[in-house]
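Engineer: One structure follows; several queries about it will come next.
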Amino acid sequence: YEGMLLSEGFLRDEIEAVLEVERGDLVDVRQRVRALHDFRASEQFESLVIASRRVANILRGMSYPEEVRPELFREPEEEDLYRTYLEVAERARPLLEGEDYGAALSLFVKMRPIIDRFFDEVLVMEEDEALRNNRLALLGSIWRFFREVADISRLSV
């Protein structure tokens, strides 16, 4: 199937990014690959990949809880990122359920400036274990959300 997608003009990194998260439904795999391929032509593509990589890189090899505890937020950037994530997730959920992956990617990219501000202003690897784990849990939620389409961090810019 991967060879067939390559012969149709899709790029290897697009295919691998999707196969990293979805292997069961081949029609769905193709829709996701098509969405990434089409989104690659947009001005927002690089921004999306960079945001995804920033989140993925800090989580690599880390263990952290899945549950975000908003009562532990200490910085306004944590609250902003969490609120933005929830808003984008709410708007993206029907798009993902309707397999409109391109529209979902367009929503994902709206998180980029908030993600950047979070990384610029918040020390994720805080000494306080509860704060550190909560910040990692927040980023983990975003990471899992992005992966509902593909492992976007695998895409080349």
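Labels for the structure tokens follow display order: chains A, B, ..., residues from 1 in each chain, ligands from 1.
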Which residues are close to Glu14 of chain A, i.e. within 12 Å by only C-alpha atoms, leaving aside same-chain residues fewer than 5 positions away? Reply as a ChimeraX atom specification.

Structural biologist: /A:2,5-6,9,19-21,29-40,49,149-157

Engineer: Per DSSP on the backbone, what are the alpha helix (DSSP H) residues of chain A, as a count of residues only?

Structural biologist: 102

Engineer: Show me a table, sorted first by chain and then by increasing residue number, of the residues of segment 38-57 of chain A having an atom at most 10 Å from segment 130-142 of chain A, each with its shortest atom pair and the distance in Å to one decimal, counting only C-alpha atoms and written as a tab-separated table.

Structural biologist:
residue	atom	partner	partner_atom	distance
A:Ser52	CA	A:Ile142	CA	8.7
A:Arg54	CA	A:Leu139	CA	9.6
A:Val55	CA	A:Leu139	CA	6.1
A:Ala56	CA	A:Leu139	CA	8.3

Engineer: Counting only C-alpha atoms, what is within 9 Å of Ala104 of chain A, bar same-chain residues fewer than 6 positions away, as a list in words?

Structural biologist: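 Counting only the stated atoms, we get Val88, Arg91, Ala92, Arg93, Leu95, Leu96 and Val149 of chain A.
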
Engineer: Which is closest to Val124 of chain A among A:Met111, A:Leu105, A:Leu59, A:Ala41, if we use only C-alpha atoms?

Structural biologist: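 That would be A:Leu59, the residue with the smallest distance to Val124 of chain A.
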
Engineer: In terms of the shortest atom-to-atom distance over only C-alpha atoms, which of A:Leu86, A:Ser106, A:Ile114, A:Met125 is closest to Glu43 of chain A?

Structural biologist: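 Counting only C-alpha atoms, the residue closest to Glu43 of chain A is A:Ser106.
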
Engineer: Would you please work out which residue, of A:Ala89, A:Glu79, A:Met4, A:Glu46, is nearest to Trp143 of chain A when using only C-alpha atoms?

Structural biologist: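 Among A:Ala89, A:Glu79, A:Met4, A:Glu46, it is A:Ala89 that comes nearest to Trp143 of chain A.
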
Engineer: For the atom pair atom CA of Glu129 of chain A and atom CA of Ile115 of chain A, what is the interatomic distance in Å to one decimal place?

Structural biologist: 21.2 Å

Engineer: Considering only C-alpha atoms, state which residue in the set A:Glu148, A:Tyr101, A:Phe108, A:Pro76 is at the smallest distance from Val122 of chain A.

Structural biologist: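 Answer, going by the shortest atom-to-atom distance: A:Pro76.
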
Engineer: Calculate how many Å separate atom CA of Asp28 of chain A from atom CA of Glu87 of chain A, rounding to one decimal.

Structural biologist: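 Computed distance, atom CA of Asp28 of chain A to atom CA of Glu87 of chain A, equals 25.0 Å.
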
Engineer: In Å, rounded to a single decimal, give me how far atom CA of Glu90 of chain A is from atom CA of Glu22 of chain A.

Structural biologist: 21.6 Å
